[in-house]
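Below is the file model13.txt, which contains compact mmCIF, C-alpha atoms and all ligand atoms.
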```txt
# COMPACT_ATOMS: atom_id res chain seq x y z
CA MET P 1 28.03 -53.60 -7.68
CA ASN P 2 31.60 -53.90 -8.84
CA SER P 3 33.10 -56.89 -7.09
CA ALA P 4 36.51 -55.17 -6.85
CA SER P 5 35.09 -52.34 -4.73
CA ASN P 6 31.88 -51.08 -3.23
CA GLN P 7 31.24 -48.93 -6.28
CA ILE P 8 27.63 -49.27 -7.44
CA TYR P 9 26.84 -49.06 -11.16
CA PRO P 10 23.08 -49.33 -11.81
CA VAL P 11 23.49 -49.60 -15.59
CA VAL P 12 26.09 -51.92 -17.16
CA TRP P 13 26.55 -52.64 -20.88
CA GLN P 14 27.70 -56.24 -21.32
CA ASP P 15 27.44 -58.83 -24.12
CA ASN P 16 25.08 -56.68 -26.18
CA LYS P 17 22.67 -56.29 -23.29
CA VAL P 18 22.03 -53.71 -20.62
CA LEU P 19 22.22 -55.12 -17.12
CA LEU P 20 20.15 -53.05 -14.70
CA ILE P 21 20.22 -53.40 -10.92
CA ASP P 22 16.58 -54.13 -10.13
CA GLN P 23 15.93 -51.24 -7.76
CA THR P 24 12.42 -52.47 -6.97
CA ARG P 25 13.98 -55.43 -5.12
CA LEU P 26 16.55 -53.63 -2.99
CA PRO P 27 17.55 -53.90 -0.23
CA GLY P 28 16.18 -57.43 0.23
CA GLU P 29 17.61 -58.72 -3.01
CA TYR P 30 20.53 -57.48 -5.12
CA SER P 31 19.97 -58.71 -8.66
CA ARG P 32 20.30 -57.54 -12.24
CA VAL P 33 17.76 -57.65 -15.05
CA ALA P 34 19.11 -58.16 -18.59
CA ILE P 35 17.51 -55.84 -21.13
CA ALA P 36 17.94 -56.62 -24.82
CA ARG P 37 14.99 -54.77 -26.42
CA SER P 38 13.90 -51.14 -26.42
CA ILE P 39 10.40 -52.08 -25.28
CA ASP P 40 11.84 -53.81 -22.23
CA MET P 41 13.93 -50.75 -21.46
CA ALA P 42 10.79 -48.59 -21.65
CA TYR P 43 9.09 -50.98 -19.22
CA ALA P 44 12.10 -50.94 -16.86
CA ILE P 45 12.07 -47.14 -16.74
CA LYS P 46 8.30 -46.91 -16.26
CA THR P 47 8.21 -49.49 -13.48
CA MET P 48 11.27 -47.96 -11.79
CA ILE P 49 13.56 -50.97 -12.09
CA VAL P 50 15.90 -48.14 -13.04
CA ARG P 51 15.11 -44.71 -11.61
CA GLY P 52 16.68 -41.38 -10.73
CA ALA P 53 17.00 -38.66 -13.35
CA PRO P 54 20.58 -39.21 -14.63
CA ALA P 55 20.24 -43.03 -14.49
CA ILE P 56 17.11 -42.98 -16.62
CA GLY P 57 18.95 -40.66 -19.02
CA VAL P 58 21.72 -43.27 -19.37
CA ALA P 59 19.20 -46.14 -19.59
CA SER P 60 17.16 -44.37 -22.28
CA ALA P 61 20.32 -43.74 -24.33
CA TYR P 62 20.98 -47.50 -24.33
CA GLY P 63 17.28 -48.02 -25.04
CA MET P 64 17.73 -45.92 -28.17
CA TYR P 65 20.67 -48.05 -29.24
CA LEU P 66 18.78 -51.29 -28.60
CA GLY P 67 15.89 -49.86 -30.64
CA ALA P 68 18.33 -48.99 -33.45
CA THR P 69 19.56 -52.59 -33.58
CA GLU P 70 15.96 -53.78 -34.00
CA ILE P 71 15.54 -51.75 -37.21
CA GLU P 72 16.24 -54.01 -40.17
CA THR P 73 16.47 -51.61 -43.09
CA ASN P 74 19.65 -50.30 -44.74
CA ASN P 75 17.81 -47.26 -46.00
CA ARG P 76 18.90 -44.22 -44.00
CA GLN P 77 15.58 -42.29 -44.18
CA GLU P 78 13.56 -45.33 -43.24
CA PHE P 79 15.97 -46.09 -40.39
CA LEU P 80 15.66 -42.57 -38.99
CA ARG P 81 11.87 -42.74 -39.23
CA HIS P 82 11.86 -45.92 -37.17
CA LEU P 83 14.35 -44.48 -34.70
CA GLU P 84 11.95 -41.58 -34.09
CA GLN P 85 9.36 -44.19 -33.10
CA VAL P 86 11.77 -45.72 -30.60
CA ALA P 87 12.37 -42.23 -29.21
CA SER P 88 8.67 -41.66 -28.83
CA LEU P 89 8.19 -44.99 -27.02
CA LEU P 90 10.94 -44.13 -24.53
CA ARG P 91 9.69 -40.56 -24.05
CA GLN P 92 6.34 -41.88 -22.85
CA THR P 93 7.81 -43.59 -19.80
CA ARG P 94 8.28 -40.85 -17.21
CA PRO P 95 7.48 -37.18 -17.78
CA THR P 96 9.37 -35.18 -15.12
CA ALA P 97 13.08 -36.01 -15.32
CA VAL P 98 14.40 -33.97 -18.22
CA ASN P 99 17.55 -36.12 -18.45
CA LEU P 100 15.41 -38.73 -20.22
CA PHE P 101 14.40 -36.29 -22.96
CA TRP P 102 17.88 -34.77 -23.06
CA ALA P 103 19.55 -38.17 -23.63
CA ILE P 104 17.02 -39.23 -26.28
CA ALA P 105 17.48 -35.90 -28.10
CA ARG P 106 21.27 -36.33 -28.00
CA MET P 107 20.98 -39.86 -29.42
CA LEU P 108 18.68 -38.66 -32.22
CA LYS P 109 21.01 -35.76 -33.03
CA THR P 110 23.91 -38.23 -33.24
CA ALA P 111 21.96 -40.38 -35.69
CA TYR P 112 21.00 -37.45 -37.91
CA GLU P 113 24.53 -36.07 -37.91
CA GLU P 114 26.27 -39.38 -38.77
CA ILE P 115 26.55 -39.33 -42.53
CA GLY P 116 27.63 -42.97 -42.92
CA THR P 117 25.68 -46.15 -43.54
CA VAL P 118 22.96 -47.45 -41.22
CA ALA P 119 25.52 -49.84 -39.71
CA GLU P 120 27.80 -46.89 -39.03
CA ILE P 121 24.97 -44.91 -37.44
CA LYS P 122 24.25 -47.85 -35.14
CA ALA P 123 27.92 -48.06 -34.11
CA THR P 124 27.99 -44.31 -33.40
CA LEU P 125 24.82 -44.61 -31.32
CA LEU P 126 26.41 -47.22 -29.08
CA LYS P 127 29.47 -45.03 -28.64
CA THR P 128 27.26 -42.07 -27.73
CA ALA P 129 25.29 -44.05 -25.13
CA GLN P 130 28.59 -45.14 -23.56
CA GLN P 131 29.81 -41.55 -23.64
CA ILE P 132 26.63 -40.29 -21.92
CA GLN P 133 27.25 -42.89 -19.23
CA SER P 134 30.94 -42.13 -18.67
CA GLU P 135 30.34 -38.37 -18.76
CA ASP P 136 27.68 -38.71 -16.06
CA LEU P 137 30.09 -40.56 -13.80
CA LYS P 138 32.70 -37.79 -14.17
CA THR P 139 30.02 -35.15 -13.73
CA CYS P 140 28.86 -36.66 -10.45
CA GLN P 141 32.41 -36.80 -9.15
CA ALA P 142 32.83 -33.10 -10.02
CA ILE P 143 29.53 -32.31 -8.25
CA GLY P 144 30.88 -34.13 -5.19
CA ASP P 145 34.11 -32.09 -5.33
CA TYR P 146 32.27 -28.78 -5.70
CA GLY P 147 29.95 -29.84 -2.89
CA LEU P 148 32.94 -29.80 -0.55
CA THR P 149 33.49 -26.11 -1.29
CA VAL P 150 30.06 -25.12 0.08
CA LEU P 151 30.06 -27.20 3.25
CA PRO P 152 29.78 -25.00 6.35
CA ASP P 153 33.12 -24.48 8.03
CA THR P 154 32.46 -25.95 11.45
CA PRO P 155 34.84 -27.53 13.97
CA GLN P 156 32.47 -30.50 14.29
CA LYS P 157 31.77 -33.01 11.57
CA LEU P 158 28.55 -32.36 9.67
CA LYS P 159 25.12 -33.92 9.84
CA ILE P 160 23.50 -33.84 6.43
CA LEU P 161 19.87 -34.52 5.61
CA THR P 162 18.88 -35.88 2.20
CA HIS P 163 15.64 -36.94 0.57
CA CYS P 164 14.82 -39.77 -1.84
CA ASN P 165 17.84 -41.40 -3.48
CA ALA P 166 20.18 -39.21 -5.48
CA GLY P 167 23.08 -41.61 -5.17
CA SER P 168 24.97 -44.09 -7.34
CA LEU P 169 21.72 -45.93 -8.03
CA ALA P 170 20.15 -42.77 -9.45
CA THR P 171 23.07 -41.89 -11.74
CA ALA P 172 25.80 -43.65 -13.71
CA GLY P 173 27.52 -44.03 -10.33
CA TYR P 174 28.61 -41.91 -7.33
CA GLY P 175 25.48 -39.75 -7.22
CA THR P 176 24.60 -36.06 -7.07
CA ALA P 177 23.25 -35.22 -3.60
CA LEU P 178 24.68 -38.46 -2.23
CA GLY P 179 27.84 -37.69 -4.23
CA VAL P 180 28.25 -34.59 -2.05
CA VAL P 181 27.62 -36.75 1.03
CA ARG P 182 30.19 -39.32 -0.23
CA SER P 183 32.79 -36.64 -0.86
CA ALA P 184 32.18 -35.16 2.61
CA TRP P 185 32.63 -38.64 4.09
CA HIS P 186 35.85 -39.34 2.18
CA ASP P 187 37.12 -35.89 3.21
CA GLY P 188 36.52 -36.67 6.89
CA ARG P 189 33.86 -33.96 7.23
CA LEU P 190 30.73 -36.03 7.65
CA ALA P 191 29.41 -37.20 11.00
CA ARG P 192 26.19 -38.78 9.71
CA VAL P 193 23.65 -38.65 6.95
CA TYR P 194 19.96 -38.52 7.78
CA ALA P 195 17.86 -40.18 5.07
CA ASP P 196 14.17 -39.32 4.79
CA GLU P 197 12.33 -42.57 4.15
CA THR P 198 10.55 -40.86 1.19
CA ARG P 199 6.96 -42.01 1.06
CA PRO P 200 5.40 -43.54 -0.90
CA ARG P 201 8.14 -45.43 -2.79
CA LEU P 202 10.62 -45.34 0.11
CA GLN P 203 13.71 -44.58 -1.98
CA GLY P 204 15.41 -43.11 1.12
CA ALA P 205 14.72 -46.08 3.36
CA ARG P 206 15.28 -48.75 0.73
CA LEU P 207 18.02 -47.30 -1.49
CA THR P 208 19.90 -44.43 0.18
CA ALA P 209 20.30 -46.37 3.43
CA TRP P 210 21.49 -49.42 1.44
CA GLU P 211 24.08 -47.39 -0.46
CA CYS P 212 25.40 -45.82 2.74
CA VAL P 213 25.64 -49.18 4.49
CA GLN P 214 27.70 -50.57 1.55
CA GLU P 215 30.32 -47.89 2.23
CA ASN P 216 30.05 -47.75 6.01
CA ILE P 217 28.72 -44.18 5.86
CA PRO P 218 26.80 -43.64 9.12
CA VAL P 219 23.13 -43.32 8.18
CA THR P 220 19.98 -42.72 10.20
CA VAL P 221 16.65 -43.24 8.49
CA ILE P 222 13.79 -41.00 9.62
CA THR P 223 10.20 -40.77 8.41
CA ASP P 224 9.50 -37.71 6.26
CA SER P 225 7.39 -36.17 9.00
CA MET P 226 10.38 -36.12 11.39
CA ALA P 227 12.58 -33.82 9.31
CA ALA P 228 11.39 -30.47 10.74
CA HIS P 229 11.64 -31.86 14.27
CA CYS P 230 15.24 -32.98 13.65
CA MET P 231 16.07 -29.49 12.37
CA GLN P 232 14.50 -27.91 15.47
CA GLN P 233 16.57 -30.27 17.64
CA LYS P 234 19.72 -28.98 15.87
CA MET P 235 20.42 -32.42 14.48
CA ILE P 236 20.89 -31.15 10.89
CA ASP P 237 23.60 -28.77 9.58
CA LEU P 238 22.55 -28.72 5.95
CA VAL P 239 20.19 -30.33 3.47
CA VAL P 240 21.25 -31.60 0.06
CA VAL P 241 18.85 -33.12 -2.46
CA GLY P 242 18.91 -34.03 -6.14
CA ALA P 243 16.63 -32.74 -8.90
CA ASP P 244 14.65 -34.13 -11.80
CA ARG P 245 14.26 -30.89 -13.71
CA ILE P 246 15.39 -27.35 -12.96
CA ALA P 247 13.81 -24.38 -14.75
CA ALA P 248 15.86 -21.43 -16.01
CA ASN P 249 14.94 -19.33 -12.94
CA GLY P 250 16.29 -22.02 -10.57
CA ASP P 251 12.96 -23.55 -9.46
CA ALA P 252 13.72 -27.26 -8.97
CA ALA P 253 11.47 -30.31 -9.26
CA ASN P 254 12.49 -33.23 -7.11
CA LYS P 255 10.86 -36.12 -5.25
CA ILE P 256 7.61 -35.24 -3.49
CA GLY P 257 8.39 -33.91 -0.03
CA THR P 258 11.41 -31.87 -1.12
CA TYR P 259 9.46 -28.59 -1.07
CA SER P 260 8.31 -29.02 2.53
CA LEU P 261 11.90 -29.85 3.48
CA ALA P 262 13.09 -26.58 1.90
CA ILE P 263 10.44 -24.58 3.82
CA ALA P 264 11.49 -26.27 7.06
CA ALA P 265 15.18 -25.60 6.30
CA GLN P 266 14.47 -21.90 5.72
CA ALA P 267 12.48 -21.67 8.96
CA HIS P 268 15.48 -23.08 10.83
CA ASN P 269 18.11 -21.11 8.93
CA ILE P 270 19.70 -24.27 7.53
CA PRO P 271 21.35 -24.17 4.06
CA PHE P 272 19.38 -26.05 1.42
CA TYR P 273 21.36 -27.27 -1.59
CA VAL P 274 20.24 -28.90 -4.82
CA ALA P 275 22.94 -31.03 -6.49
CA ALA P 276 22.40 -31.73 -10.18
CA PRO P 277 24.21 -31.93 -13.52
CA PHE P 278 23.59 -29.40 -16.29
CA SER P 279 21.65 -32.12 -18.14
CA THR P 280 18.93 -31.64 -15.46
CA ILE P 281 18.47 -27.96 -16.29
CA ASP P 282 15.72 -27.21 -18.78
CA PHE P 283 16.50 -23.71 -20.02
CA LYS P 284 13.38 -23.84 -22.22
CA LEU P 285 11.22 -23.49 -19.13
CA THR P 286 11.16 -20.03 -17.57
CA ASP P 287 9.90 -21.24 -14.19
CA GLY P 288 8.92 -24.33 -12.25
CA SER P 289 5.18 -24.06 -12.95
CA GLN P 290 5.95 -25.37 -16.45
CA ILE P 291 7.56 -28.59 -15.23
CA PRO P 292 5.29 -31.60 -15.90
CA ILE P 293 4.64 -33.49 -12.69
CA GLU P 294 4.21 -37.27 -12.95
CA GLN P 295 1.08 -38.64 -11.28
CA ARG P 296 1.47 -42.24 -10.16
CA ASP P 297 -0.81 -45.09 -9.24
CA ALA P 298 -3.01 -44.76 -6.15
CA ALA P 299 -1.86 -48.20 -4.99
CA GLU P 300 1.51 -46.70 -4.01
CA ILE P 301 -0.30 -44.88 -1.20
CA ALA P 302 -3.27 -47.14 -0.63
CA GLU P 303 -1.25 -50.29 -0.03
CA ILE P 304 1.79 -51.38 1.90
CA ASP P 305 3.31 -54.65 0.69
CA HIS P 306 0.18 -55.25 -1.41
CA THR P 307 -2.03 -54.97 1.67
CA ALA P 308 -4.67 -52.22 1.66
CA ILE P 309 -4.16 -49.78 4.53
CA CYS P 310 -7.00 -47.33 3.91
CA ALA P 311 -10.76 -47.58 4.14
CA GLU P 312 -12.39 -48.65 0.91
CA GLY P 313 -13.97 -45.61 -0.71
CA ALA P 314 -11.09 -43.23 0.12
CA GLU P 315 -9.58 -41.41 -2.86
CA PHE P 316 -5.89 -40.77 -3.47
CA TYR P 317 -3.65 -38.08 -4.91
CA ASN P 318 -0.13 -39.24 -5.75
CA PRO P 319 2.14 -36.66 -7.43
CA ALA P 320 5.65 -38.13 -7.66
CA PHE P 321 7.45 -34.77 -7.56
CA ASP P 322 7.07 -31.23 -6.27
CA VAL P 323 8.73 -27.94 -7.20
CA THR P 324 10.91 -26.05 -4.74
CA PRO P 325 10.94 -22.33 -5.55
CA ALA P 326 14.39 -20.88 -6.29
CA ASN P 327 14.20 -18.47 -3.34
CA LEU P 328 14.39 -21.44 -0.92
CA ILE P 329 17.54 -22.86 -2.56
CA THR P 330 20.90 -21.70 -1.20
CA ALA P 331 22.77 -22.85 -4.33
CA ILE P 332 22.68 -25.45 -7.08
CA ILE P 333 25.80 -27.61 -7.01
CA THR P 334 26.70 -28.55 -10.59
CA GLU P 335 29.75 -29.99 -12.36
CA GLN P 336 30.75 -26.37 -13.08
CA GLY P 337 30.55 -25.25 -9.47
CA ALA P 338 27.92 -24.06 -7.00
CA ILE P 339 25.64 -21.54 -8.66
CA LYS P 340 23.04 -19.24 -7.06
CA PRO P 341 19.67 -20.16 -8.58
CA GLU P 342 19.16 -16.59 -9.84
CA SER P 343 22.49 -16.76 -11.74
CA LEU P 344 21.67 -20.03 -13.47
CA ILE P 345 20.51 -18.26 -16.59
CA ASP P 346 24.02 -16.77 -17.05
CA HIS P 347 25.31 -20.34 -17.49
CA ARG P 348 22.91 -21.22 -20.29
CA GLY P 349 25.77 -21.65 -22.79
CA ILE P 350 27.26 -24.55 -20.80
CA ALA P 351 24.26 -26.85 -21.32
CA VAL P 352 24.71 -29.36 -24.16
O1 LIG P 401 10.92 -41.33 -8.78
P1 LIG P 401 12.42 -41.42 -8.74
O2 LIG P 401 12.93 -42.40 -7.74
O3 LIG P 401 13.01 -41.60 -10.11
O4 LIG P 401 12.86 -39.97 -8.24
C1 LIG P 401 14.22 -39.70 -8.08
C2 LIG P 401 14.47 -38.35 -7.51
O5 LIG P 401 13.58 -37.58 -7.22
C3 LIG P 401 15.91 -37.95 -7.39
O6 LIG P 401 16.11 -37.10 -6.29
C4 LIG P 401 16.34 -37.22 -8.67
O7 LIG P 401 16.01 -37.97 -9.79
C5 LIG P 401 17.78 -36.92 -8.68
S1 LIG P 401 18.74 -38.37 -8.90
C6 LIG P 401 20.36 -37.94 -8.95
```

Structure encoded using structure tokens:
Amino acid sequence: MNSASNQIYPVVWQDNKVLLIDQTRLPGEYSRVAIARSIDMAYAIKTMIVRGAPAIGVASAYGMYLGATEIETNNRQEFLRHLEQVASLLRQTRPTAVNLFWAIARMLKTAYEEIGTVAEIKATLLKTAQQIQSEDLKTCQAIGDYGLTVLPDTPQKLKILTHCNAGSLATAGYGTALGVVRSAWHDGRLARVYADETRPRLQGARLTAWECVQENIPVTVITDSMAAHCMQQKMIDLVVVGADRIAANGDAANKIGTYSLAIAAQAHNIPFYVAAPFSTIDFKLTDGSQIPIEQRDAAEIAEIDHTAICAEGAEFYNPAFDVTPANLITAIITEQGAIKPESLIDHRGIAV
């Protein structure tokens, strides 16, 4: 957190190190981990010390720079060969969020395009990582602004449901889905945000609720299984979630449980928005069936606080994400405006 304000920055570049808020320890403990090597950055991404699609994009960009500083040669070809190895290490961390692959590709492109010495390539890589970070912050603020344009025009303040954590912690700052919530709050249009707890990693309960409390945004945490009931009770005016990867047809992968939320929203005639930057759109994929879904350790389900909660002998299935079909999404709120999922393909040229 920035001491001058409540602004939360999960990734900070300081004294030749990356300082990451350790998101595995929130909300009980607010601390930062100093990362000085690419291998440690890969570990931090894999173990979710840093998580959320845009935030792992930013973190992997710095990971590429740290990796570049570890390469000792002055020979350009040799340097680039080693940098490819750093890229491959970082790519193996988490498979679903395309921002990771997008940021690594952008860093590699920068290195190949810089015609100077190895030292100059390294300097350009640092600048590019910083640029990726500052662009993401601006992008999230634009997403928040465009979010305001789609909010239902009601005399009462709005009750918004969100899932997982798509806030400052999941981005360079401000957030995507929670960016829309923040903007609605600052604009005086939000009554309350409902945060799904988000089993099994509890990003909603642990992180979204924490972020809201830091800014005095009224927040009610519910278990995932309560969402449809809350909709039926007319407690929810709209749903807004983030995304880890969006296919060209508008199908969107996000935290497991998002799909069932979208079905429930449709059944109750509640708008369902996905808020995401263009760096989350993978135009190479024609539809959501091609999005790789990360499978995580059974212990995330089988244990609570390292205590087994299920009978020995039970088996587990733990996909970290699901895919919400485009036809359940009212619009995708991007830094270029709110776009109908079926029109996404017309915006292909905007993606960098
Ligand atoms: O497994 P996580 O915590 O990295 O998953 C995060 C999400 O699913 C977010 O909703 C998504 O990355 C968007 S973050 C702006």

_Applying 12 Å and only C-alpha atoms, which residues near Glu113 (chain P) remain after dropping the ones on its own chain fewer than 5 positions away? List them as a PyMOL selection string._
chain P and resi 76+80+106-108+118+120-121+124-125

Select from chain P every residue with an atom at most 6 Å from any atom of ligand LIG 401 (chain P), then for each give the shortest pair of atoms and their distance in Å to one decimal, using all atoms listed in the file, rows by chain and rising number, as a Markdown table.
```
| residue | atom | partner | partner_atom | distance |
| --- | --- | --- | --- | --- |
| P:Arg51 | CA | P:LIG401 | O3 | 4.0 |
| P:Gly52 | CA | P:LIG401 | O7 | 3.6 |
| P:Ala53 | CA | P:LIG401 | O7 | 3.8 |
| P:Pro54 | CA | P:LIG401 | C6 | 5.8 |
| P:Cys164 | CA | P:LIG401 | O6 | 5.3 |
| P:Asn165 | CA | P:LIG401 | O6 | 5.4 |
| P:Ala166 | CA | P:LIG401 | C6 | 3.7 |
| P:Gly167 | CA | P:LIG401 | C6 | 5.9 |
| P:Ala170 | CA | P:LIG401 | S1 | 4.7 |
| P:Thr171 | CA | P:LIG401 | C6 | 5.5 |
| P:Gly175 | CA | P:LIG401 | C6 | 5.7 |
| P:Thr176 | CA | P:LIG401 | C6 | 5.0 |
| P:Gly242 | CA | P:LIG401 | C5 | 4.0 |
| P:Ala243 | CA | P:LIG401 | C5 | 4.3 |
| P:Asp244 | CA | P:LIG401 | O7 | 4.5 |
| P:Asn254 | CA | P:LIG401 | O5 | 4.5 |
| P:Lys255 | CA | P:LIG401 | O5 | 3.7 |
```

*asked:* Excluding Ile333 (chain P) and its own-chain neighbours fewer than 4 positions away, which residues fall within 10 Å of it when counting all atoms listed in the file? Please give them as a ChimeraX atom specification.
replied: /P:142-150,176-177,180,240-242,273-278,337-341

Just-selected residues, C-alpha atoms written as a compact mmCIF listing (two decimals), in the coordinates of the input:
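The resulting file, selection-v8.txt, is shown below:
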```txt
# COMPACT_ATOMS: atom_id res chain seq x y z
CA ALA P 142 32.83 -33.10 -10.02
CA ILE P 143 29.53 -32.31 -8.25
CA GLY P 144 30.88 -34.13 -5.19
CA ASP P 145 34.11 -32.09 -5.33
CA TYR P 146 32.27 -28.78 -5.70
CA GLY P 147 29.95 -29.84 -2.89
CA LEU P 148 32.94 -29.80 -0.55
CA THR P 149 33.49 -26.11 -1.29
CA VAL P 150 30.06 -25.12 0.08
CA THR P 176 24.60 -36.06 -7.07
CA ALA P 177 23.25 -35.22 -3.60
CA VAL P 180 28.25 -34.59 -2.05
CA VAL P 240 21.25 -31.60 0.06
CA VAL P 241 18.85 -33.12 -2.46
CA GLY P 242 18.91 -34.03 -6.14
CA TYR P 273 21.36 -27.27 -1.59
CA VAL P 274 20.24 -28.90 -4.82
CA ALA P 275 22.94 -31.03 -6.49
CA ALA P 276 22.40 -31.73 -10.18
CA PRO P 277 24.21 -31.93 -13.52
CA PHE P 278 23.59 -29.40 -16.29
CA GLY P 337 30.55 -25.25 -9.47
CA ALA P 338 27.92 -24.06 -7.00
CA ILE P 339 25.64 -21.54 -8.66
CA LYS P 340 23.04 -19.24 -7.06
CA PRO P 341 19.67 -20.16 -8.58
```

*CA of Arg348 (chain P) to CA of Phe283 (chain P), straight-line distance in Å*: 6.9 Å

*Could you tell me which of P:Ile246, P:Leu238, P:Ala44, P:Val50 comes closest to Ser279 (chain P) if we count only C-alpha atoms?*
P:Ile246

*asked:* Taking 6 positions as the minimum chain separation for residues in the same chain, which residues sit within 8 Å of Asp322 (chain P) when counting only C-alpha atoms? Answer as number ranges by chain.
replied: P: 253-259, 293

*Suppose you want the space between CA of Ala34 (chain P) and CA of Leu19 (chain P); what is it in Å?*
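It comes out at 4.6 Å.
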
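Shortest separation to Arg296 (chain P) among P:Ile56, P:Ala320, P:Met235, P:Ala129 occurs at residue P:Ala320, atoms counted being only C-alpha atoms.
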
*Interatomic distance between CA of Ala252 (chain P) and CA of Asp282 (chain P)?*
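One can read the CA of Ala252 (chain P) to CA of Asp282 (chain P) distance as 10.0 Å.
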
Any idea what's packed within 6 Å of region 181-192 of chain P, counting all atoms listed in the file, ignoring anything in its chain fewer than 5 positions away? Could you give it as an mmCIF file with C-alpha atoms, in the frame of the given file?
```
data_model
loop_
_atom_site.group_PDB
_atom_site.id
_atom_site.type_symbol
_atom_site.label_atom_id
_atom_site.label_comp_id
_atom_site.auth_asym_id
_atom_site.auth_seq_id
_atom_site.Cartn_x
_atom_site.Cartn_y
_atom_site.Cartn_z
ATOM 1 C CA GLY P 144 30.880 -34.130 -5.190
ATOM 2 C CA LYS P 157 31.770 -33.010 11.570
ATOM 3 C CA LEU P 158 28.550 -32.360 9.670
ATOM 4 C CA LYS P 159 25.120 -33.920 9.840
ATOM 5 C CA PRO P 218 26.800 -43.640 9.120
ATOM 6 C CA VAL P 219 23.130 -43.320 8.180
#
```

Neighbours of Val11 (chain P) within 7 Å (only C-alpha atoms; same-chain residues fewer than 5 positions away dropped), as a PDB file with C-alpha atoms, in the frame of the given file?
```pdb
ATOM      1  CA  VAL P  18      22.030 -53.710 -20.620  1.00  0.00           C
ATOM      2  CA  LEU P  19      22.220 -55.120 -17.120  1.00  0.00           C
ATOM      3  CA  LEU P  20      20.150 -53.050 -14.700  1.00  0.00           C
ATOM      4  CA  ILE P  21      20.220 -53.400 -10.920  1.00  0.00           C
ATOM      5  CA  ALA P  59      19.200 -46.140 -19.590  1.00  0.00           C
ATOM      6  CA  ALA P 172      25.800 -43.650 -13.710  1.00  0.00           C
TER       7      ALA P 172
END
```

*Counting all atoms listed in the file, which of P:Leu169, P:Ile270, P:Leu90, P:Cys212 gets nearest to Thr330 (chain P)?*
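Checking each of P:Leu169, P:Ile270, P:Leu90, P:Cys212 against Thr330 (chain P), counting all atoms listed in the file, the winner is P:Ile270.
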
Cut-off 12 Å: closest region 274-295 of chain P/region 309-319 of chain P atom pairs per residue, using all atoms listed in the file, as JSON lines:
```
{"residue": "P:Pro292", "atom": "CA", "partner": "P:Pro319", "partner_atom": "CA", "distance": 10.4}
{"residue": "P:Ile293", "atom": "CA", "partner": "P:Pro319", "partner_atom": "CA", "distance": 6.6}
{"residue": "P:Glu294", "atom": "CA", "partner": "P:Pro319", "partner_atom": "CA", "distance": 5.9}
{"residue": "P:Gln295", "atom": "CA", "partner": "P:Pro319", "partner_atom": "CA", "distance": 4.5}
```
